[in-house]
>>> print(open('structure_6.txt').read())   # compact mmCIF, C-alpha atoms and all ligand atoms
# COMPACT_ATOMS: atom_id res chain seq x y z
CA MET A 2 19.46 -12.14 31.94
CA GLY A 3 20.11 -8.38 32.33
CA VAL A 4 23.16 -9.16 34.49
CA VAL A 5 24.67 -11.42 31.80
CA ARG A 6 23.96 -8.79 29.14
CA ASP A 7 25.61 -6.06 31.23
CA LEU A 8 28.59 -8.34 31.88
CA PHE A 9 29.24 -8.85 28.15
CA ILE A 10 28.57 -5.19 27.32
CA GLY A 11 31.17 -4.34 30.03
CA LEU A 12 33.64 -6.81 28.55
CA SER A 13 33.05 -5.38 25.06
CA GLU A 14 34.10 -1.95 26.32
CA ASN A 15 37.21 -3.12 28.17
CA GLU A 16 40.17 -1.35 26.54
CA ILE A 17 42.87 -3.76 27.75
CA LEU A 18 41.02 -6.78 26.37
CA ASN A 19 40.23 -4.95 23.13
CA ASP A 20 43.91 -4.10 22.63
CA ALA A 21 45.13 -7.57 23.57
CA SER A 22 42.71 -9.29 21.18
CA LYS A 23 44.04 -7.30 18.20
CA LYS A 24 47.36 -9.11 18.51
CA MET A 25 45.81 -12.52 19.07
CA GLY A 26 43.95 -13.44 15.89
CA LEU A 27 40.41 -14.81 16.08
CA ARG A 28 39.85 -16.78 19.30
CA PHE A 29 37.21 -18.27 21.60
CA GLY A 30 34.82 -19.13 18.77
CA ALA A 31 34.95 -15.66 17.18
CA GLN A 32 36.15 -17.34 13.97
CA LYS A 33 32.59 -18.74 13.63
CA VAL A 34 31.06 -15.26 13.41
CA VAL A 35 33.89 -13.11 12.00
CA GLY A 36 34.88 -13.63 8.36
CA GLY A 37 38.63 -13.16 8.80
CA THR A 38 41.24 -10.72 10.05
CA GLY A 39 42.56 -9.55 6.66
CA VAL A 40 41.44 -9.08 3.06
CA ASP A 41 42.67 -12.40 1.65
CA ASP A 42 41.20 -14.77 4.24
CA THR A 43 37.91 -12.82 4.19
CA LEU A 44 37.65 -13.04 0.39
CA VAL A 45 37.70 -16.83 0.75
CA ARG A 46 34.62 -16.59 3.04
CA PHE A 47 32.89 -14.32 0.51
CA ALA A 48 33.45 -16.82 -2.30
CA ASP A 49 32.17 -19.66 -0.14
CA LEU A 50 28.95 -17.78 0.74
CA ASN A 51 28.38 -16.71 -2.87
CA ASN A 52 28.74 -20.36 -3.87
CA GLN A 53 25.92 -21.16 -1.44
CA GLY A 54 23.67 -18.67 -3.26
CA MET A 55 24.03 -15.82 -0.75
CA SER A 56 25.17 -12.27 -1.34
CA ILE A 57 27.33 -10.41 1.17
CA THR A 58 27.60 -7.08 2.88
CA PHE A 59 30.98 -6.60 4.56
CA ASP A 60 31.84 -4.64 7.68
CA ASN A 61 35.41 -3.55 8.41
CA LEU A 62 35.34 -3.95 12.21
CA GLY A 63 36.06 -1.00 14.50
CA GLU A 64 33.89 1.89 15.64
CA PHE A 65 33.78 5.07 17.75
CA ILE A 66 37.18 6.18 16.45
CA SER A 67 38.39 9.46 17.94
CA ASP A 68 41.69 9.94 16.11
CA ARG A 69 41.91 11.43 12.59
CA LYS A 70 44.78 9.21 11.46
CA GLU A 71 42.97 6.13 12.71
CA ALA A 72 39.80 7.19 10.85
CA GLU A 73 41.78 7.70 7.65
CA LYS A 74 43.40 4.32 8.07
CA GLU A 75 39.97 2.67 8.40
CA LYS A 76 38.67 4.56 5.35
CA ASN A 77 41.65 3.23 3.37
CA ASN A 78 41.01 -0.30 4.66
CA ILE A 79 37.43 -0.12 3.41
CA ILE A 80 38.55 1.16 -0.01
CA LYS A 81 41.16 -1.61 -0.15
CA MET A 82 38.44 -4.21 0.37
CA ILE A 83 36.18 -2.57 -2.25
CA LYS A 84 39.02 -2.75 -4.79
CA ALA A 85 39.91 -6.34 -3.85
CA VAL A 86 36.28 -7.41 -4.27
CA ASN A 87 36.13 -5.63 -7.62
CA GLU A 88 39.01 -7.73 -8.92
CA LYS A 89 37.05 -10.92 -8.27
CA ASP A 90 33.71 -12.02 -9.58
CA LEU A 91 31.81 -11.67 -6.28
CA THR A 92 28.36 -10.42 -5.22
CA VAL A 93 29.36 -8.18 -2.33
CA HIS A 94 28.50 -4.70 -1.07
CA ALA A 95 29.81 -2.60 1.80
CA SER A 96 28.40 -1.59 5.18
CA VAL A 97 30.07 1.40 6.83
CA LYS A 98 29.82 2.82 10.34
CA LEU A 99 30.25 6.59 10.14
CA SER A 100 31.78 6.65 13.63
CA GLN A 101 34.65 4.63 12.17
CA ILE A 102 35.51 7.29 9.62
CA GLY A 103 35.28 10.43 11.70
CA LEU A 104 31.66 11.18 12.69
CA ASN A 105 32.71 11.79 16.29
CA ILE A 106 35.70 13.91 15.24
CA ASP A 107 34.33 16.37 12.68
CA GLU A 108 31.26 15.94 10.46
CA THR A 109 32.87 17.58 7.41
CA PHE A 110 35.88 15.27 7.72
CA CYS A 111 33.51 12.29 7.95
CA TYR A 112 31.54 13.52 4.93
CA GLU A 113 34.73 13.77 2.85
CA ASN A 114 35.76 10.26 3.93
CA ILE A 115 32.43 8.65 3.04
CA LYS A 116 32.49 10.44 -0.33
CA GLU A 117 35.87 8.86 -1.08
CA ILE A 118 34.44 5.46 -0.18
CA LEU A 119 31.37 6.05 -2.35
CA ASP A 120 33.52 7.13 -5.30
CA ALA A 121 35.60 3.95 -5.05
CA ALA A 122 32.40 1.91 -4.68
CA LYS A 123 30.82 3.59 -7.69
CA GLU A 124 33.83 2.68 -9.77
CA ALA A 125 33.39 -0.91 -8.60
CA ASN A 126 29.64 -0.73 -9.28
CA MET A 127 29.03 -1.34 -5.59
CA PHE A 128 26.33 -0.23 -3.16
CA VAL A 129 27.26 1.13 0.29
CA ASN A 130 24.96 0.89 3.28
CA LEU A 131 25.49 3.31 6.16
CA ASP A 132 25.04 1.32 9.38
CA MET A 133 23.13 3.12 12.12
CA GLU A 134 24.56 3.45 15.58
CA ASN A 135 23.19 5.07 18.75
CA TYR A 136 20.58 7.85 18.89
CA LEU A 137 23.19 10.56 19.44
CA SER A 138 24.73 9.81 16.06
CA LYS A 139 21.42 9.35 14.22
CA GLY A 140 20.80 13.05 13.47
CA PRO A 141 24.31 13.77 12.13
CA SER A 142 24.30 10.49 10.16
CA LEU A 143 21.01 11.32 8.44
CA THR A 144 22.20 14.86 7.66
CA ILE A 145 25.22 13.33 5.92
CA LEU A 146 23.03 10.76 4.14
CA ASP A 147 20.65 13.46 2.83
CA LYS A 148 23.58 15.41 1.41
CA LEU A 149 25.03 12.27 -0.19
CA LEU A 150 21.69 11.38 -1.77
CA GLU A 151 21.84 14.61 -3.80
CA GLU A 152 24.95 13.24 -5.49
CA TYR A 153 25.03 9.44 -5.20
CA ASP A 154 22.64 6.63 -6.08
CA ASN A 155 24.76 3.87 -4.52
CA VAL A 156 24.12 4.73 -0.87
CA GLY A 157 21.44 3.57 1.57
CA THR A 158 20.70 3.52 5.27
CA VAL A 159 19.36 1.56 8.23
CA ILE A 160 16.15 2.24 10.15
CA GLN A 161 15.89 0.99 13.73
CA ALA A 162 12.36 -0.07 14.69
CA TYR A 163 12.77 0.63 18.41
CA PHE A 164 12.70 4.39 17.85
CA TYR A 165 9.29 6.06 18.11
CA ASP A 166 10.07 7.96 14.90
CA ALA A 167 10.90 4.81 12.86
CA LYS A 168 7.69 5.00 10.84
CA LYS A 169 8.32 8.63 9.92
CA ASP A 170 11.88 7.73 8.84
CA VAL A 171 10.75 4.75 6.80
CA ARG A 172 8.35 6.98 4.85
CA LYS A 173 11.12 9.51 4.23
CA TYR A 174 13.47 6.81 2.87
CA LYS A 175 10.85 4.60 1.21
CA ASP A 176 12.39 5.08 -2.23
CA ILE A 177 15.97 4.15 -1.41
CA ARG A 178 17.54 0.83 -0.57
CA THR A 179 17.08 0.49 3.20
CA ARG A 180 17.98 -2.08 5.83
CA LEU A 181 15.33 -2.49 8.51
CA VAL A 182 16.41 -3.75 11.96
CA LYS A 183 14.97 -3.89 15.46
CA GLY A 184 17.85 -1.81 16.90
CA ALA A 185 20.89 -2.90 18.88
CA TYR A 186 21.84 -0.09 21.29
CA LYS A 187 20.53 0.70 24.77
CA GLU A 188 18.20 3.70 24.37
CA PRO A 189 15.93 5.42 26.95
CA ALA A 190 12.13 5.13 27.05
CA THR A 191 11.83 8.81 26.13
CA ILE A 192 12.83 7.96 22.56
CA ALA A 193 12.57 4.20 22.11
CA TYR A 194 10.24 1.26 22.78
CA GLN A 195 11.59 -0.99 25.54
CA SER A 196 9.56 -4.20 25.40
CA LYS A 197 10.14 -6.96 22.84
CA ALA A 198 6.41 -6.95 21.96
CA ASP A 199 6.40 -3.20 21.17
CA ILE A 200 9.66 -3.41 19.21
CA ASP A 201 8.43 -6.42 17.22
CA GLN A 202 5.16 -4.64 16.41
CA SER A 203 6.97 -1.49 15.25
CA TYR A 204 9.38 -3.66 13.25
CA PHE A 205 6.64 -5.46 11.33
CA GLU A 206 4.90 -2.11 10.69
CA ILE A 207 8.00 -0.55 9.11
CA ILE A 208 8.67 -3.69 7.05
CA LYS A 209 5.15 -3.49 5.59
CA THR A 210 5.44 0.27 5.00
CA HIS A 211 8.77 0.03 3.19
CA LEU A 212 7.62 -2.91 1.08
CA VAL A 213 4.31 -1.38 0.07
CA GLU A 214 4.65 2.40 -0.03
CA GLY A 215 7.99 2.91 -1.76
CA ASN A 216 10.13 1.84 -4.68
CA GLY A 217 13.27 1.23 -2.60
CA PHE A 218 14.72 -2.25 -2.21
CA THR A 219 13.99 -3.56 1.32
CA SER A 220 16.57 -5.46 3.38
CA ILE A 221 14.91 -7.21 6.30
CA ALA A 222 17.76 -7.84 8.74
CA THR A 223 16.71 -10.18 11.53
CA HIS A 224 17.22 -13.71 12.85
CA ASP A 225 13.65 -13.76 14.13
CA HIS A 226 11.79 -16.61 12.39
CA ASN A 227 8.40 -15.30 13.61
CA ILE A 228 8.95 -11.96 11.85
CA ILE A 229 10.47 -13.60 8.76
CA GLU A 230 7.62 -16.09 8.29
CA LYS A 231 5.01 -13.36 8.97
CA THR A 232 6.72 -11.21 6.33
CA ILE A 233 6.68 -14.08 3.84
CA ARG A 234 2.93 -14.55 4.40
CA PHE A 235 2.49 -10.79 3.92
CA ILE A 236 4.43 -10.61 0.65
CA GLU A 237 2.55 -13.63 -0.68
CA THR A 238 -0.81 -12.04 0.15
CA MET A 239 0.23 -8.73 -1.41
CA GLY A 240 1.80 -10.36 -4.48
CA ILE A 241 5.15 -8.61 -3.84
CA SER A 242 7.96 -9.90 -6.05
CA LYS A 243 10.99 -11.62 -4.48
CA ASP A 244 13.19 -9.16 -6.39
CA GLU A 245 11.99 -6.27 -4.25
CA PHE A 246 13.50 -7.40 -0.98
CA GLU A 247 16.06 -9.63 0.72
CA PHE A 248 16.61 -11.11 4.13
CA GLN A 249 19.86 -10.33 5.92
CA MET A 250 21.50 -12.19 8.79
CA LEU A 251 24.85 -11.99 10.51
CA TYR A 252 27.61 -14.35 9.42
CA GLY A 253 27.62 -17.55 11.47
CA PHE A 254 24.11 -17.18 12.94
CA ARG A 255 21.21 -19.49 12.00
CA LYS A 256 23.17 -20.94 9.07
CA ASP A 257 20.56 -23.68 8.50
CA TYR A 258 17.80 -21.10 8.32
CA GLN A 259 19.85 -18.96 5.90
CA GLN A 260 20.23 -21.99 3.64
CA ASP A 261 16.55 -22.86 4.00
CA LEU A 262 15.52 -19.36 2.84
CA VAL A 263 17.85 -19.63 -0.18
CA ALA A 264 16.34 -23.04 -1.03
CA ARG A 265 12.87 -21.44 -0.88
CA GLY A 266 13.99 -18.90 -3.49
CA TYR A 267 14.50 -15.83 -1.29
CA ASN A 268 17.41 -13.40 -1.61
CA MET A 269 19.67 -13.90 1.38
CA CYS A 270 22.46 -11.44 2.18
CA VAL A 271 25.00 -12.27 4.89
CA TYR A 272 26.60 -9.48 6.92
CA VAL A 273 30.27 -10.46 7.25
CA PRO A 274 32.41 -8.53 9.75
CA TYR A 275 36.18 -8.85 9.38
CA GLY A 276 39.34 -7.32 10.81
CA THR A 277 41.55 -7.45 13.88
CA ASP A 278 39.04 -5.43 15.91
CA TRP A 279 36.77 -8.46 16.40
CA TYR A 280 36.59 -8.59 20.21
CA ALA A 281 33.95 -5.90 20.96
CA TYR A 282 31.74 -7.17 18.12
CA PHE A 283 31.96 -10.71 19.48
CA MET A 284 31.17 -9.67 23.07
CA ARG A 285 28.12 -7.68 21.87
CA ARG A 286 26.77 -10.77 20.09
CA LEU A 287 27.15 -12.70 23.37
CA ALA A 288 25.36 -9.90 25.25
CA GLU A 289 22.50 -9.97 22.73
CA ARG A 290 21.98 -13.70 23.03
CA PRO A 291 23.80 -15.52 25.83
CA GLN A 292 22.96 -18.83 24.06
CA ASN A 293 25.69 -17.77 21.62
CA LEU A 294 28.06 -18.84 24.37
CA ASN A 295 27.82 -22.31 22.80
CA LEU A 296 30.17 -20.90 20.13
CA VAL A 297 32.77 -20.33 22.84
CA VAL A 298 32.23 -23.79 24.34
CA LYS A 299 32.48 -25.46 20.92
CA SER A 300 35.72 -23.57 20.21
CA PHE A 301 37.37 -25.43 23.06
CA THR A 302 36.08 -28.83 21.98
CA SER A 303 36.66 -28.70 18.21
CA ASN A 304 39.13 -27.23 15.73
P1 LIG B 401 15.86 -11.05 18.39
O1 LIG B 401 17.20 -10.96 19.01
O2 LIG B 401 14.75 -10.19 18.87
O3 LIG B 401 15.41 -12.56 18.45
C1 LIG B 401 14.08 -12.95 18.18
C2 LIG B 401 13.98 -14.45 18.23
O4 LIG B 401 14.66 -15.02 17.11
C3 LIG B 401 14.63 -15.09 19.46
O5 LIG B 401 13.78 -15.07 20.57
C4 LIG B 401 14.93 -16.49 18.96
O6 LIG B 401 13.77 -17.27 19.01
C5 LIG B 401 15.29 -16.24 17.50
N1 LIG B 401 16.74 -16.10 17.32
C6 LIG B 401 17.46 -14.96 17.30
N2 LIG B 401 18.77 -15.21 17.11
C7 LIG B 401 18.88 -16.54 17.00
C8 LIG B 401 19.97 -17.42 16.79
N3 LIG B 401 21.23 -16.99 16.65
N4 LIG B 401 19.70 -18.75 16.74
C9 LIG B 401 18.45 -19.24 16.88
N5 LIG B 401 17.37 -18.43 17.09
C10 LIG B 401 17.58 -17.14 17.15
N6 LIG B 401 21.33 -2.82 14.64
C11 LIG B 401 21.52 -1.48 14.64
O7 LIG B 401 21.15 -0.80 15.60
N7 LIG B 401 22.14 -0.86 13.58
C12 LIG B 401 22.53 -1.56 12.47
O8 LIG B 401 23.07 -0.96 11.53
C13 LIG B 401 22.32 -2.97 12.45
N8 LIG B 401 22.70 -3.74 11.39
C14 LIG B 401 22.36 -5.08 11.35
C15 LIG B 401 22.62 -5.85 10.21
C16 LIG B 401 22.22 -7.18 10.14
C17 LIG B 401 22.47 -7.98 8.90
C18 LIG B 401 21.52 -7.78 11.25
C19 LIG B 401 21.03 -9.20 11.19
C20 LIG B 401 21.30 -7.03 12.38
C21 LIG B 401 21.71 -5.69 12.46
N9 LIG B 401 21.49 -4.94 13.61
C22 LIG B 401 21.70 -3.58 13.58
C23 LIG B 401 21.13 -5.62 14.89
C24 LIG B 401 19.61 -5.63 15.14
O9 LIG B 401 19.18 -4.32 15.43
C25 LIG B 401 19.27 -6.57 16.33
O10 LIG B 401 19.87 -6.06 17.49
C26 LIG B 401 19.72 -7.99 16.16
O11 LIG B 401 19.53 -8.44 14.84
C27 LIG B 401 18.96 -8.92 17.12
O12 LIG B 401 17.60 -8.89 16.84
P2 LIG B 401 16.85 -9.95 15.88
O13 LIG B 401 15.93 -9.16 15.01
O14 LIG B 401 17.81 -10.78 15.14
O15 LIG B 401 15.96 -10.87 16.79
>>> encode(input="structure_6.txt", output="structure tokens")
Amino acid sequence: MGVVRDLFIGLSENEILNDASKKMGLRFGAQKVVGGTGVDDTLVRFADLNNQGMSITFDNLGEFISDRKEAEKEKNNIIKMIKAVNEKDLTVHASVKLSQIGLNIDETFCYENIKEILDAAKEANMFVNLDMENYLSKGPSLTILDKLLEEYDNVGTVIQAYFYDAKKDVRKYKDIRTRLVKGAYKEPATIAYQSKADIDQSYFEIIKTHLVEGNGFTSIATHDHNIIEKTIRFIETMGISKDEFEFQMLYGFRKDYQQDLVARGYNMCVYVPYGTDWYAYFMRRLAERPQNLNLVVKSFTSN
């Protein structure tokens, strides 16, 4: 299993394949998990999901940008999508990776870029979630978040359960809108739990803490039915209102379960990535769950 994971992680980092895929359009089943390559085709996906009773958080694909001009271009792309959404009657918010808008270039530059995004979002009455990346970027990202929170009320963050300090973080951000995840990057045992059992336990702990101790809206972002159903039993026991939290899943994954949760009256938010930079995202999803390869197989047998 580790070999397959490493193979797809390797493919996700291959520069030649990343560059080639940008000119190709969505291929190999990626169209099942990526909303579109541009604004217009992605807006159609948004409308479709809203019609199914789901809200959306969008992600302009592309990360770890090391060139200022490139970072500015991505910032402008995000603002363009915010404005396009604002012109339609859609329930959509933004997710932003700080490494896409300059975190690895210069923190002040990144701070100015995210402020511009937040200003545009505020005008559109939109919330912006800062995605969390690897441990190296966690400290600088939270420093930027803390500064933004002095000025903005439309920004939130992500807490990754695999870190030993997740519980401390969840208490610090208990009063803001927060997405809780297990954590997607490879991190060493000095800072992060390694086994699924430990990560799952930490994950359920931070879900309970954020739901009970704070006033912040809780986004529980997982495809794990065991955690979701355990959380539902917990909120029922505690009498927590359905307005205080939502479930989030990635676009294209467990669609039946997403619809089932909506039918049961839960808020369901779908994370929709879009853009020409789809290849690395797609390979990482295959690394995470090799069963997702059935998307690739199906892409060759259907339209
Ligand atoms: P996990 O992969 O542990 O699976 C648990 C079980 O659920 C599986 O054994 C299987 O039974 C079932 N299952 C999972 N996927 C399935 C599928 N497709 N079909 C059927 N059954 C399935 N990470 C991060 O570090 N920073 C971030 O900002 C974000 N943001 C983010 C947003 C959203 C909306 C989501 C859903 C996830 C993230 N993540 C993230 C990724 C997250 O940290 C994690 O890596 C993945 O969600 C995978 O873990 P799961 O919790 O989904 O379950």
>>> closest_residue(input="structure_6.txt", among="A:Val182, A:Ala48, A:Leu99, A:Ile221", to="ligand LIG 401 (chain B)", atoms="all atoms listed in the file")
A:Val182
>>> closest_residue(input="structure_6.txt", among="A:Leu91, A:Leu262, A:Leu104, A:Val34", to="ligand LIG 401 (chain B)", atoms="only C-alpha atoms and all ligand atoms")
A:Val34
>>> closest_residue(input="structure_6.txt", among="A:Lys197, A:Ile83, A:Leu287, A:Lys24", to="Phe9 of chain A", atoms="only C-alpha atoms")
A:Leu287
>>> residues_near_ligand(input="structure_6.txt", ligand="ligand LIG 401 (chain B)", cutoff="9 Å", atoms="all atoms listed in the file", output="PyMOL selection string")
chain A and resi 58+96-98+130-135+158-163+180-186+197+200-201+204+220-228+248-256+258+270-273+286+289-290+292-293
>>> atom_distance(input="structure_6.txt", atom1="atom CA of Asp176 of chain A", atom2="atom CA of Val129 of chain A")
15.6 Å
>>> residues_around(input="structure_6.txt", residues="segment 84-88 of chain A", least_positions_apart="2", cutoff="10 Å", atoms="all atoms listed in the file", output="PyMOL selection string")
chain A and resi 40-41+44+47+78-82+90-94+121-122+124-127
>>> residues_around(input="structure_6.txt", residues="segment 108-113 of chain A", least_positions_apart="2", cutoff="12 Å", atoms="all atoms listed in the file", output="MDAnalysis selection string")
chainID A and resid 66:70 72:73 75:76 97:106 115:120 131 138 140:149
>>> write_last_selection(input="structure_6.txt", atoms="C-alpha atoms", output="short mmCIF file (atom, residue, chain, number, x, y, z; two decimals), in the frame of the given file")
data_model
loop_
_atom_site.label_atom_id
_atom_site.label_comp_id
_atom_site.auth_asym_id
_atom_site.auth_seq_id
_atom_site.Cartn_x
_atom_site.Cartn_y
_atom_site.Cartn_z
CA ILE A 66 37.18 6.18 16.45
CA SER A 67 38.39 9.46 17.94
CA ASP A 68 41.69 9.94 16.11
CA ARG A 69 41.91 11.43 12.59
CA LYS A 70 44.78 9.21 11.46
CA ALA A 72 39.80 7.19 10.85
CA GLU A 73 41.78 7.70 7.65
CA GLU A 75 39.97 2.67 8.40
CA LYS A 76 38.67 4.56 5.35
CA VAL A 97 30.07 1.40 6.83
CA LYS A 98 29.82 2.82 10.34
CA LEU A 99 30.25 6.59 10.14
CA SER A 100 31.78 6.65 13.63
CA GLN A 101 34.65 4.63 12.17
CA ILE A 102 35.51 7.29 9.62
CA GLY A 103 35.28 10.43 11.70
CA LEU A 104 31.66 11.18 12.69
CA ASN A 105 32.71 11.79 16.29
CA ILE A 106 35.70 13.91 15.24
CA ILE A 115 32.43 8.65 3.04
CA LYS A 116 32.49 10.44 -0.33
CA GLU A 117 35.87 8.86 -1.08
CA ILE A 118 34.44 5.46 -0.18
CA LEU A 119 31.37 6.05 -2.35
CA ASP A 120 33.52 7.13 -5.30
CA LEU A 131 25.49 3.31 6.16
CA SER A 138 24.73 9.81 16.06
CA GLY A 140 20.80 13.05 13.47
CA PRO A 141 24.31 13.77 12.13
CA SER A 142 24.30 10.49 10.16
CA LEU A 143 21.01 11.32 8.44
CA THR A 144 22.20 14.86 7.66
CA ILE A 145 25.22 13.33 5.92
CA LEU A 146 23.03 10.76 4.14
CA ASP A 147 20.65 13.46 2.83
CA LYS A 148 23.58 15.41 1.41
CA LEU A 149 25.03 12.27 -0.19
#
>>> atom_distance(input="structure_6.txt", atom1="atom CA of Phe205 of chain A", atom2="atom CA of Lys187 of chain A")
20.3 Å
>>> build_atoms(input="structure_6.txt", residues="segment 129-144 of chain A", atoms="N, CA and C atoms", output="PDB file, keeping the file's coordinate frame")
ATOM      1  N   VAL A 129      26.732   0.971  -1.071  1.00  0.00           N
ATOM      2  CA  VAL A 129      27.260   1.130   0.290  1.00  0.00           C
ATOM      3  C   VAL A 129      26.119   1.452   1.245  1.00  0.00           C
ATOM      4  N   ASN A 130      25.994   0.644   2.277  1.00  0.00           N
ATOM      5  CA  ASN A 130      24.960   0.890   3.280  1.00  0.00           C
ATOM      6  C   ASN A 130      25.577   1.573   4.503  1.00  0.00           C
ATOM      7  N   LEU A 131      24.989   2.671   4.931  1.00  0.00           N
ATOM      8  CA  LEU A 131      25.490   3.310   6.160  1.00  0.00           C
ATOM      9  C   LEU A 131      24.820   2.619   7.345  1.00  0.00           C
ATOM     10  N   ASP A 132      25.587   1.933   8.169  1.00  0.00           N
ATOM     11  CA  ASP A 132      25.040   1.320   9.380  1.00  0.00           C
ATOM     12  C   ASP A 132      24.545   2.431  10.293  1.00  0.00           C
ATOM     13  N   MET A 133      23.589   2.112  11.155  1.00  0.00           N
ATOM     14  CA  MET A 133      23.130   3.120  12.120  1.00  0.00           C
ATOM     15  C   MET A 133      23.575   2.727  13.520  1.00  0.00           C
ATOM     16  N   GLU A 134      24.027   3.720  14.258  1.00  0.00           N
ATOM     17  CA  GLU A 134      24.560   3.450  15.580  1.00  0.00           C
ATOM     18  C   GLU A 134      23.598   4.005  16.641  1.00  0.00           C
ATOM     19  N   ASN A 135      24.101   4.644  17.689  1.00  0.00           N
ATOM     20  CA  ASN A 135      23.190   5.070  18.750  1.00  0.00           C
ATOM     21  C   ASN A 135      22.435   6.350  18.365  1.00  0.00           C
ATOM     22  N   TYR A 136      21.473   6.723  19.220  1.00  0.00           N
ATOM     23  CA  TYR A 136      20.580   7.850  18.890  1.00  0.00           C
ATOM     24  C   TYR A 136      21.340   9.151  18.714  1.00  0.00           C
ATOM     25  N   LEU A 137      22.393   9.323  19.520  1.00  0.00           N
ATOM     26  CA  LEU A 137      23.190  10.560  19.440  1.00  0.00           C
ATOM     27  C   LEU A 137      23.755  10.769  18.038  1.00  0.00           C
ATOM     28  N   SER A 138      24.117   9.674  17.387  1.00  0.00           N
ATOM     29  CA  SER A 138      24.730   9.810  16.060  1.00  0.00           C
ATOM     30  C   SER A 138      23.706   9.762  14.929  1.00  0.00           C
ATOM     31  N   LYS A 139      22.440   9.517  15.276  1.00  0.00           N
ATOM     32  CA  LYS A 139      21.420   9.350  14.220  1.00  0.00           C
ATOM     33  C   LYS A 139      21.211  10.651  13.428  1.00  0.00           C
ATOM     34  N   GLY A 140      21.026  11.770  14.144  1.00  0.00           N
ATOM     35  CA  GLY A 140      20.800  13.050  13.470  1.00  0.00           C
ATOM     36  C   GLY A 140      21.930  13.404  12.510  1.00  0.00           C
ATOM     37  N   PRO A 141      23.189  13.462  13.019  1.00  0.00           N
ATOM     38  CA  PRO A 141      24.310  13.770  12.130  1.00  0.00           C
ATOM     39  C   PRO A 141      24.456  12.773  10.974  1.00  0.00           C
ATOM     40  N   SER A 142      24.171  11.498  11.232  1.00  0.00           N
ATOM     41  CA  SER A 142      24.300  10.490  10.160  1.00  0.00           C
ATOM     42  C   SER A 142      23.276  10.753   9.062  1.00  0.00           C
ATOM     43  N   LEU A 143      22.040  11.091   9.462  1.00  0.00           N
ATOM     44  CA  LEU A 143      21.010  11.320   8.440  1.00  0.00           C
ATOM     45  C   LEU A 143      21.255  12.627   7.688  1.00  0.00           C
ATOM     46  N   THR A 144      21.854  13.614   8.366  1.00  0.00           N
ATOM     47  CA  THR A 144      22.200  14.860   7.660  1.00  0.00           C
ATOM     48  C   THR A 144      23.220  14.542   6.568  1.00  0.00           C
TER      49      THR A 144
END
